[in-house]
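Chemist: File follows, data.cif with mmCIF, C-alpha atoms:
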data_upload
loop_
_atom_site.group_PDB
_atom_site.id
_atom_site.type_symbol
_atom_site.label_atom_id
_atom_site.label_comp_id
_atom_site.auth_asym_id
_atom_site.auth_seq_id
_atom_site.Cartn_x
_atom_site.Cartn_y
_atom_site.Cartn_z
ATOM 1 C CA MET C 252 103.451 81.621 116.375
ATOM 2 C CA ARG C 253 107.120 80.826 116.694
ATOM 3 C CA ASP C 254 109.035 77.762 115.707
ATOM 4 C CA THR C 255 110.003 76.015 118.873
ATOM 5 C CA GLU C 256 112.152 73.433 117.168
ATOM 6 C CA GLU C 257 115.911 73.710 117.389
ATOM 7 C CA TYR C 258 117.472 74.384 114.025
ATOM 8 C CA HIS C 259 120.965 74.224 112.635
ATOM 9 C CA VAL C 260 122.131 75.870 109.446
ATOM 10 C CA ILE C 261 124.870 75.071 106.978
ATOM 11 C CA LEU C 262 126.673 78.083 105.558
ATOM 12 C CA PHE C 263 128.392 77.935 102.201
ATOM 13 C CA ASP C 264 130.900 80.075 100.363
ATOM 14 C CA SER C 265 128.998 79.642 97.126
ATOM 15 C CA VAL C 266 125.351 79.520 96.127
ATOM 16 C CA HIS C 267 126.247 76.586 93.889
ATOM 17 C CA HIS C 268 127.359 74.551 96.882
ATOM 18 C CA ALA C 269 124.087 75.330 98.613
ATOM 19 C CA LEU C 270 122.135 74.198 95.558
ATOM 20 C CA ARG C 271 124.174 71.021 95.206
ATOM 21 C CA SER C 272 123.542 70.200 98.854
ATOM 22 C CA GLU C 273 119.857 70.818 98.405
ATOM 23 C CA LYS C 274 119.807 68.456 95.441
ATOM 24 C CA ILE C 275 121.588 65.716 97.365
ATOM 25 C CA LEU C 276 119.311 66.040 100.378
ATOM 26 C CA LYS C 277 116.214 66.074 98.169
ATOM 27 C CA GLU C 278 117.304 62.895 96.434
ATOM 28 C CA MET C 279 117.875 61.251 99.802
ATOM 29 C CA GLY C 280 114.569 62.518 101.157
ATOM 30 C CA ILE C 281 116.149 64.282 104.131
ATOM 31 C CA PRO C 282 113.973 67.185 105.300
ATOM 32 C CA HIS C 283 115.629 70.575 105.070
ATOM 33 C CA LYS C 284 114.939 74.051 103.871
ATOM 34 C CA LEU C 285 116.840 76.593 101.842
ATOM 35 C CA ILE C 286 116.464 79.968 103.563
ATOM 36 C CA PRO C 287 118.116 83.397 103.356
ATOM 37 C CA VAL C 288 121.055 83.637 105.752
ATOM 38 C CA PRO C 289 119.611 85.285 108.870
ATOM 39 C CA ARG C 290 120.798 88.816 109.439
ATOM 40 C CA HIS C 291 122.630 87.970 112.638
ATOM 41 C CA ILE C 292 124.825 85.512 110.778
ATOM 42 C CA SER C 293 127.051 86.785 108.037
ATOM 43 C CA SER C 294 128.107 84.945 104.948
ATOM 44 C CA ASP C 295 129.363 85.731 101.472
ATOM 45 C CA CYS C 296 126.564 83.742 99.973
ATOM 46 C CA GLY C 297 123.061 84.796 100.932
ATOM 47 C CA ILE C 298 121.381 81.427 101.304
ATOM 48 C CA CYS C 299 121.849 78.613 103.752
ATOM 49 C CA LEU C 300 120.353 75.216 104.482
ATOM 50 C CA ARG C 301 118.276 74.871 107.604
ATOM 51 C CA PHE C 302 117.421 71.585 109.248
ATOM 52 C CA THR C 303 116.305 70.326 112.618
ATOM 53 C CA ALA C 304 119.086 69.539 115.037
ATOM 54 C CA ASP C 305 118.359 65.804 115.117
ATOM 55 C CA LEU C 306 119.309 65.455 111.439
ATOM 56 C CA ARG C 307 122.758 66.911 111.784
ATOM 57 C CA THR C 308 124.761 63.694 111.651
ATOM 58 C CA ARG C 309 122.749 62.284 108.766
ATOM 59 C CA ILE C 310 123.188 65.458 106.768
ATOM 60 C CA GLU C 311 126.880 65.756 107.514
ATOM 61 C CA GLU C 312 127.379 62.197 106.316
ATOM 62 C CA ALA C 313 125.265 62.774 103.217
ATOM 63 C CA LEU C 314 127.274 65.796 102.163
ATOM 64 C CA ALA C 315 130.727 64.665 103.254
ATOM 65 C CA GLY C 316 133.211 64.775 100.408
ATOM 66 C CA LYS C 317 130.578 66.000 97.951
ATOM 67 C CA VAL C 318 130.054 69.617 98.885
ATOM 68 C CA GLU C 319 132.227 72.321 100.371
ATOM 69 C CA ILE C 320 130.731 73.536 103.598
ATOM 70 C CA ARG C 321 131.908 76.634 105.337
ATOM 71 C CA GLU C 322 130.306 76.054 108.682
ATOM 72 C CA ILE C 323 127.471 74.344 110.460
ATOM 73 C CA ARG C 324 126.034 76.250 113.345
ATOM 74 C CA LEU C 325 123.054 76.697 115.566
ATOM 75 C CA LEU C 326 120.459 79.022 114.118
ATOM 76 C CA MET H 234 104.644 113.343 130.260
ATOM 77 C CA ALA H 235 104.361 112.619 126.602
ATOM 78 C CA LYS H 236 103.359 115.363 124.245
ATOM 79 C CA ILE H 237 99.970 114.476 122.822
ATOM 80 C CA ILE H 238 99.083 115.176 119.242
ATOM 81 C CA ASP H 239 95.493 114.836 118.193
ATOM 82 C CA ALA H 240 95.616 114.123 114.482
ATOM 83 C CA LYS H 241 92.113 112.733 114.143
ATOM 84 C CA GLY H 242 90.392 113.748 110.948
ATOM 85 C CA LEU H 243 93.633 114.849 109.336
ATOM 86 C CA ALA H 244 94.728 113.460 106.014
ATOM 87 C CA CYS H 245 98.243 112.355 105.257
ATOM 88 C CA PRO H 246 100.798 113.909 105.321
ATOM 89 C CA GLU H 247 99.470 116.136 108.147
ATOM 90 C CA PRO H 248 99.707 113.552 110.981
ATOM 91 C CA VAL H 249 103.216 112.584 109.888
ATOM 92 C CA ILE H 250 104.412 116.180 109.691
ATOM 93 C CA LEU H 251 102.950 116.991 113.117
ATOM 94 C CA THR H 252 104.571 113.901 114.606
ATOM 95 C CA LYS H 253 107.923 114.697 113.079
ATOM 96 C CA LYS H 254 107.838 118.273 114.418
ATOM 97 C CA ALA H 255 106.919 117.053 117.885
ATOM 98 C CA LEU H 256 109.700 114.463 117.887
ATOM 99 C CA GLU H 257 112.220 117.137 117.022
ATOM 100 C CA GLN H 258 111.436 118.765 120.366
ATOM 101 C CA GLU H 259 110.304 115.943 122.625
ATOM 102 C CA ASN H 260 111.484 112.440 123.354
ATOM 103 C CA LYS H 261 108.028 111.132 124.159
ATOM 104 C CA VAL H 262 105.157 111.729 121.819
ATOM 105 C CA THR H 263 101.698 110.198 121.671
ATOM 106 C CA VAL H 264 99.730 110.579 118.460
ATOM 107 C CA ILE H 265 96.026 109.941 118.124
ATOM 108 C CA VAL H 266 94.778 109.112 114.630
ATOM 109 C CA ASP H 267 91.622 107.593 113.232
ATOM 110 C CA ASN H 268 92.743 105.588 110.222
ATOM 111 C CA GLU H 269 95.112 102.725 109.503
ATOM 112 C CA PRO H 270 97.154 104.395 106.759
ATOM 113 C CA ALA H 271 98.043 107.145 109.233
ATOM 114 C CA VAL H 272 99.138 104.504 111.762
ATOM 115 C CA GLU H 273 101.311 102.901 109.133
ATOM 116 C CA ASN H 274 102.867 106.186 108.012
ATOM 117 C CA ILE H 275 103.628 107.224 111.571
ATOM 118 C CA ARG H 276 105.044 103.829 112.344
ATOM 119 C CA ARG H 277 107.442 104.200 109.455
ATOM 120 C CA LEU H 278 108.407 107.716 110.474
ATOM 121 C CA GLY H 279 109.064 106.515 114.008
ATOM 122 C CA THR H 280 111.219 103.640 112.850
ATOM 123 C CA THR H 281 113.229 105.950 110.594
ATOM 124 C CA MET H 282 113.761 108.374 113.458
ATOM 125 C CA GLY H 283 114.998 105.615 115.734
ATOM 126 C CA CYS H 284 111.984 105.496 118.040
ATOM 127 C CA THR H 285 110.488 102.573 119.847
ATOM 128 C CA LEU H 286 106.777 102.368 119.260
ATOM 129 C CA GLN H 287 103.695 101.115 121.011
ATOM 130 C CA MET H 288 100.293 101.110 119.433
ATOM 131 C CA GLU H 289 96.888 100.860 121.055
ATOM 132 C CA LYS H 290 93.599 100.486 119.267
ATOM 133 C CA LYS H 291 90.813 102.189 121.182
ATOM 134 C CA GLU H 292 87.199 101.115 121.308
ATOM 135 C CA ASP H 293 86.056 104.212 119.464
ATOM 136 C CA GLY H 294 88.117 103.136 116.439
ATOM 137 C CA THR H 295 90.993 105.544 117.026
ATOM 138 C CA TYR H 296 94.600 104.551 117.466
ATOM 139 C CA GLN H 297 97.108 105.841 119.972
ATOM 140 C CA ILE H 298 100.704 105.539 118.938
ATOM 141 C CA HIS H 299 103.310 106.092 121.613
ATOM 142 C CA LEU H 300 106.724 107.011 120.303
ATOM 143 C CA PHE H 301 109.833 107.104 122.463
ATOM 144 C CA ARG H 302 112.930 108.565 120.932
ATOM 145 C CA GLU H 303 116.068 107.153 122.450
ATOM 146 C CA ALA H 304 118.451 109.697 123.876
ATOM 147 C CA GLY H 305 121.363 110.401 121.620
ATOM 148 C CA LYS H 306 119.462 109.621 118.459
ATOM 149 C CA SER H 307 119.392 112.728 116.399
ATOM 150 C CA ALA H 308 116.034 113.902 115.178
ATOM 151 C CA ALA H 309 117.536 116.524 112.957
ATOM 152 C CA GLN H 310 118.408 114.250 110.071
ATOM 153 C CA PRO H 311 116.469 115.003 106.929
ATOM 154 C CA ILE H 312 113.592 112.598 106.678
ATOM 155 C CA GLU H 313 111.308 112.130 103.783
ATOM 156 C CA VAL H 314 107.703 112.319 104.826
ATOM 157 C CA SER H 315 105.972 109.666 102.810
ATOM 158 C CA CYS H 316 102.311 108.911 102.548
ATOM 159 C CA THR H 317 100.589 105.772 101.569
ATOM 160 C CA THR H 318 96.861 105.569 101.694
ATOM 161 C CA GLY H 319 96.199 101.922 101.062
ATOM 162 C CA PRO H 320 97.410 98.513 102.163
ATOM 163 C CA LEU H 321 100.636 96.807 101.205
ATOM 164 C CA VAL H 322 99.963 94.236 98.511
ATOM 165 C CA ILE H 323 102.496 91.739 97.206
ATOM 166 C CA ALA H 324 101.909 90.187 93.807
ATOM 167 C CA ILE H 325 103.795 86.990 93.025
ATOM 168 C CA SER H 326 103.652 86.803 89.251
ATOM 169 C CA SER H 327 106.026 83.914 88.748
ATOM 170 C CA ASP H 328 107.541 80.976 90.556
ATOM 171 C CA LYS H 329 110.893 82.660 89.910
ATOM 172 C CA MET H 330 112.190 85.983 91.195
ATOM 173 C CA GLY H 331 113.782 88.109 88.512
ATOM 174 C CA ARG H 332 114.748 87.104 85.026
ATOM 175 C CA GLY H 333 117.882 85.583 83.655
ATOM 176 C CA ASN H 334 118.473 82.317 85.407
ATOM 177 C CA ASP H 335 115.606 80.061 86.414
ATOM 178 C CA GLU H 336 117.498 77.972 88.947
ATOM 179 C CA LEU H 337 118.609 81.108 90.750
ATOM 180 C CA GLY H 338 115.184 82.705 90.313
ATOM 181 C CA TYR H 339 113.583 79.759 92.064
ATOM 182 C CA VAL H 340 115.999 80.057 94.988
ATOM 183 C CA LEU H 341 115.272 83.771 95.240
ATOM 184 C CA ILE H 342 111.482 83.477 95.225
ATOM 185 C CA ARG H 343 111.644 80.877 98.006
ATOM 186 C CA SER H 344 113.897 83.177 100.000
ATOM 187 C CA PHE H 345 111.554 86.080 99.369
ATOM 188 C CA ILE H 346 108.509 84.169 100.575
ATOM 189 C CA HIS H 347 110.348 82.957 103.662
ATOM 190 C CA THR H 348 111.380 86.530 104.403
ATOM 191 C CA MET H 349 107.830 87.853 103.955
ATOM 192 C CA LEU H 350 107.053 86.230 107.312
ATOM 193 C CA SER H 351 109.284 88.707 109.074
ATOM 194 C CA LEU H 352 108.097 91.831 107.269
ATOM 195 C CA GLU H 353 106.899 94.479 109.656
ATOM 196 C CA PRO H 354 104.078 95.106 109.057
ATOM 197 C CA LEU H 355 102.960 92.054 107.177
ATOM 198 C CA PRO H 356 101.353 92.643 103.803
ATOM 199 C CA HIS H 357 97.594 92.934 103.730
ATOM 200 C CA THR H 358 97.229 90.675 100.718
ATOM 201 C CA VAL H 359 99.479 88.413 98.691
ATOM 202 C CA ILE H 360 98.265 87.611 95.181
ATOM 203 C CA PHE H 361 99.548 84.724 93.083
ATOM 204 C CA TYR H 362 99.117 84.592 89.336
ATOM 205 C CA ASN H 363 100.692 83.089 86.236
ATOM 206 C CA THR H 364 103.352 80.527 87.252
ATOM 207 C CA GLY H 365 103.284 82.070 90.739
ATOM 208 C CA VAL H 366 100.273 79.848 91.479
ATOM 209 C CA LYS H 367 102.547 76.798 91.394
ATOM 210 C CA LEU H 368 103.884 77.939 94.755
ATOM 211 C CA THR H 369 100.456 77.493 96.380
ATOM 212 C CA VAL H 370 99.723 73.888 95.467
ATOM 213 C CA LYS H 371 100.627 70.592 97.097
ATOM 214 C CA ASP H 372 104.319 69.690 97.052
ATOM 215 C CA SER H 373 105.270 73.366 96.812
ATOM 216 C CA GLU H 374 108.396 73.941 98.872
ATOM 217 C CA VAL H 375 107.045 77.158 100.334
ATOM 218 C CA LEU H 376 103.698 75.809 101.524
ATOM 219 C CA ASP H 377 104.658 75.876 105.190
ATOM 220 C CA ASP H 378 105.760 79.509 104.938
ATOM 221 C CA LEU H 379 102.600 80.467 103.074
ATOM 222 C CA LYS H 380 100.428 78.720 105.642
ATOM 223 C CA LYS H 381 102.150 80.616 108.422
ATOM 224 C CA ILE H 382 101.649 83.879 106.571
ATOM 225 C CA GLU H 383 97.976 83.074 106.060
ATOM 226 C CA ALA H 384 97.605 82.111 109.720
ATOM 227 C CA SER H 385 98.991 85.537 110.640
ATOM 228 C CA GLY H 386 95.963 87.132 109.039
ATOM 229 C CA VAL H 387 97.342 87.870 105.589
ATOM 230 C CA SER H 388 94.865 87.324 102.805
ATOM 231 C CA ILE H 389 96.213 85.012 100.105
ATOM 232 C CA LEU H 390 94.502 85.143 96.729
ATOM 233 C CA VAL H 391 95.275 82.680 93.979
ATOM 234 C CA CYS H 392 94.314 83.241 90.360
ATOM 235 C CA GLY H 393 91.701 80.653 89.407
ATOM 236 C CA THR H 394 92.298 81.008 85.677
ATOM 237 C CA CYS H 395 95.968 80.250 86.238
ATOM 238 C CA LEU H 396 95.334 77.162 88.408
ATOM 239 C CA ASN H 397 92.944 75.953 85.742
ATOM 240 C CA TYR H 398 95.442 76.593 82.936
ATOM 241 C CA PHE H 399 98.077 74.456 84.631
ATOM 242 C CA GLY H 400 95.489 71.833 85.613
ATOM 243 C CA ILE H 401 96.344 72.137 89.318
ATOM 244 C CA THR H 402 93.130 73.620 90.727
ATOM 245 C CA LYS H 403 92.419 70.583 92.886
ATOM 246 C CA ASP H 404 95.923 70.734 94.329
ATOM 247 C CA LEU H 405 95.520 74.185 95.880
ATOM 248 C CA ASN H 406 96.782 74.008 99.463
ATOM 249 C CA VAL H 407 96.791 77.564 100.723
ATOM 250 C CA GLY H 408 94.795 80.726 100.138
ATOM 251 C CA VAL H 409 91.546 81.142 98.272
ATOM 252 C CA ILE H 410 90.792 80.976 94.573
ATOM 253 C CA SER H 411 90.166 84.416 93.205
ATOM 254 C CA ASN H 412 89.256 86.082 89.957
ATOM 255 C CA MET H 413 90.514 89.026 87.946
ATOM 256 C CA TYR H 414 87.825 91.352 89.343
ATOM 257 C CA ASP H 415 89.197 90.953 92.854
ATOM 258 C CA ILE H 416 92.816 90.825 91.758
ATOM 259 C CA ALA H 417 92.573 93.970 89.642
ATOM 260 C CA SER H 418 90.655 95.950 92.256
ATOM 261 C CA ILE H 419 92.954 94.947 95.125
ATOM 262 C CA MET H 420 96.052 95.805 93.111
ATOM 263 C CA ALA H 421 94.523 99.129 92.072
ATOM 264 C CA ALA H 422 93.642 100.003 95.669
ATOM 265 C CA ALA H 423 97.062 99.141 97.083
ATOM 266 C CA GLY H 424 99.055 101.851 98.830
ATOM 267 C CA ARG H 425 102.192 100.028 97.831
ATOM 268 C CA LEU H 426 102.366 97.188 95.360
ATOM 269 C CA VAL H 427 105.440 94.992 95.551
ATOM 270 C CA ILE H 428 106.131 92.618 92.683
ATOM 271 C CA PRO H 429 109.300 90.640 93.388
#
Rewrite the structure of this file - the entire thing - as structure tokens.

Modeler:
Amino acid sequence: MRDTEEYHVILFDSVHHALRSEKILKEMGIPHKLIPVPRHISSDCGICLRFTADLRTRIEEALAGKVEIREIRLL
Amino acid sequence: MAKIIDAKGLACPEPVILTKKALEQENKVTVIVDNEPAVENIRRLGTTMGCTLQMEKKEDGTYQIHLFREAGKSAAQPIEVSCTTGPLVIAISSDKMGRGNDELGYVLIRSFIHTMLSLEPLPHTVIFYNTGVKLTVKDSEVLDDLKKIEASGVSILVCGTCLNYFGITKDLNVGVISNMYDIASIMAAAGRLVIP
């Protein structure tokens, strides 16, 4: 039972930025999930936002100018 | 040829000690045991000693565990031989992990539950009580993870008194409603009890 969907994650330098992003995406009803940063990716802050690849543009636009993002990458 | 250790009928820590001794001399060891705790204890020993493992369940109820120690990995390091005799049980007693900050605690419990999916081996049972039950009802943000965990064969028990207290019994979306008799006896019989 593996996820076959392609996911991207947003990495943050601060947990607070991750939480703010989550709040914004929740308010806008954009599906996403807060998950621990996978072991093969490193980050100062241990949580990241995962979403399906097709939502990338929408999410980038939603967060632009509101939250500091370190990096968006393929999971 | 692998060295074969017949550890049937032996109680922990015997099978683990025999396996460890054999691995100190051989790179390939096959252990035969007749109970699941022994499998689990040997699996952990093997992982600690840097072995790759294969496990077969035989029709007569015994298990064969094949351990291959990679060349170059030292077997001489001191290793604690640990024994557990019951299943791994995880008790989620709150919809937060840790105390101090609720916003952070809610992030942590969601991360914990997501990570449970990749535990090796998976827990035998996950029990939810007190505000922990809020994670098992509709609109919970960890429902998809919990459903995957349940689909992997993990038993999920949810405290019926607690669902009733919060008035969310009808919203239960994963696991089965349980009572204190089951919850207390499963926790008491656990080999390891993890309460995040």

Chemist: Can you tell me how far CA of Pro287 in chain C sits from CA of Arg324 in chain C, in Å to one decimal?

Modeler: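 These two atoms are separated by 14.6 Å.
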
Chemist: Under the PyMOL selection byres ((chain H and resi 417-428) around 10), which residues of this model are included? Write them out as a PyMOL selection string.

Modeler: chain H and resi 270+316-327+330-331+356-360+412-416+429

Chemist: Using all atoms listed in the file, I'd like a table of the residues in chain H that come within 10 Å of chain C; for each, show the closest atom pair and its distance in Å rounded to one decimal, ordered by chain and ascending number, as JSON lines.

Modeler:
{"residue": "H:Glu336", "atom": "CA", "partner": "C:Leu270", "partner_atom": "CA", "distance": 8.9}
{"residue": "H:Leu337", "atom": "CA", "partner": "C:Val266", "partner_atom": "CA", "distance": 8.8}
{"residue": "H:Val340", "atom": "CA", "partner": "C:Leu285", "partner_atom": "CA", "distance": 7.7}
{"residue": "H:Leu341", "atom": "CA", "partner": "C:Pro287", "partner_atom": "CA", "distance": 8.6}
{"residue": "H:Arg343", "atom": "CA", "partner": "C:Ile286", "partner_atom": "CA", "distance": 7.4}
{"residue": "H:Ser344", "atom": "CA", "partner": "C:Pro287", "partner_atom": "CA", "distance": 5.4}
{"residue": "H:Phe345", "atom": "CA", "partner": "C:Pro287", "partner_atom": "CA", "distance": 8.1}
{"residue": "H:Ile346", "atom": "CA", "partner": "C:Ile286", "partner_atom": "CA", "distance": 9.5}
{"residue": "H:His347", "atom": "CA", "partner": "C:Ile286", "partner_atom": "CA", "distance": 6.8}
{"residue": "H:Thr348", "atom": "CA", "partner": "C:Pro287", "partner_atom": "CA", "distance": 7.5}
{"residue": "H:Glu374", "atom": "CA", "partner": "C:Lys284", "partner_atom": "CA", "distance": 8.2}
{"residue": "H:Val375", "atom": "CA", "partner": "C:Lys284", "partner_atom": "CA", "distance": 9.2}
{"residue": "H:Lys381", "atom": "CA", "partner": "C:Met252", "partner_atom": "CA", "distance": 8.1}
{"residue": "H:Ala384", "atom": "CA", "partner": "C:Met252", "partner_atom": "CA", "distance": 8.9}
{"residue": "H:Ser385", "atom": "CA", "partner": "C:Met252", "partner_atom": "CA", "distance": 8.3}

Chemist: In terms of the shortest atom-to-atom distance over only C-alpha atoms, which of C:Glu273, C:Glu278, C:Asp264, C:Glu257 is closest to Asp305 in chain C?

Modeler: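 Answer, going by the shortest atom-to-atom distance: C:Glu257.
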
Chemist: Using only C-alpha atoms, determine which residues lie at most 8 Å from Ala313 in chain C, disregarding the query and same-chain residues fewer than 2 positions distant; provide the list as a list in words.

Modeler: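 Listing them by chain and then by number gives Ile275, Leu276, Arg309, Ile310, Glu311 and Ala315 of chain C.
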
Chemist: Would you please work out which residue, of C:Ile323, C:Leu262, C:Ala269, C:Ile292, is nearest to Thr308 in chain C when using only C-alpha atoms?

Modeler: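 Smallest separation from Thr308 in chain C among the options: C:Ile323.
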
Chemist: Once the PyMOL selection byres ((chain H and resi 395) around 10) is applied to the coordinates I shared, what remains selected? I want it as an NGL selection string.

Modeler: :H and (361-367 or 391-394 or 396-402 or 410-412)

Chemist: Please enumerate the residues selected by the PyMOL selection byres ((chain H and resi 256) around 10) when evaluated against the supplied file, formatted as a PyMOL selection string.

Modeler: chain H and resi 236+250-255+257-263+279+282+284+300-302+307-309

Chemist: Do you know which residues are at most 6 Å from His259 in chain C counting only C-alpha atoms, after dropping those on the same chain fewer than 2 positions away, and could you put them as number ranges by chain?

Modeler: C: 301-302, 304, 324-326

Chemist: How far is it from CA of Met234 in chain H to CA of Val264 in chain H, in Å with one decimal?

Modeler: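 Going from CA of Met234 in chain H over to CA of Val264 in chain H, I get 13.1 Å.
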
Chemist: Do you have the CA of Met279 in chain C-CA of Gly333 in chain H distance handy?

Modeler: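 Separation between CA of Met279 in chain C and CA of Gly333 in chain H: 29.2 Å.
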
Chemist: So, with only C-alpha atoms as the atoms that count, which of C:Val318, C:His268, C:Tyr258, C:His291 lies closest to Thr303 in chain C?

Modeler: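 Using only C-alpha atoms, Thr303 in chain C sits closest to C:Tyr258.
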
Chemist: Could you tell me which of H:Glu353, H:Asp404, H:Glu269, H:Asp335 comes closest to Glu289 in chain H if we count all atoms listed in the file?

Modeler: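 Using all atoms listed in the file, the shortest distance to Glu289 in chain H belongs to H:Glu269.
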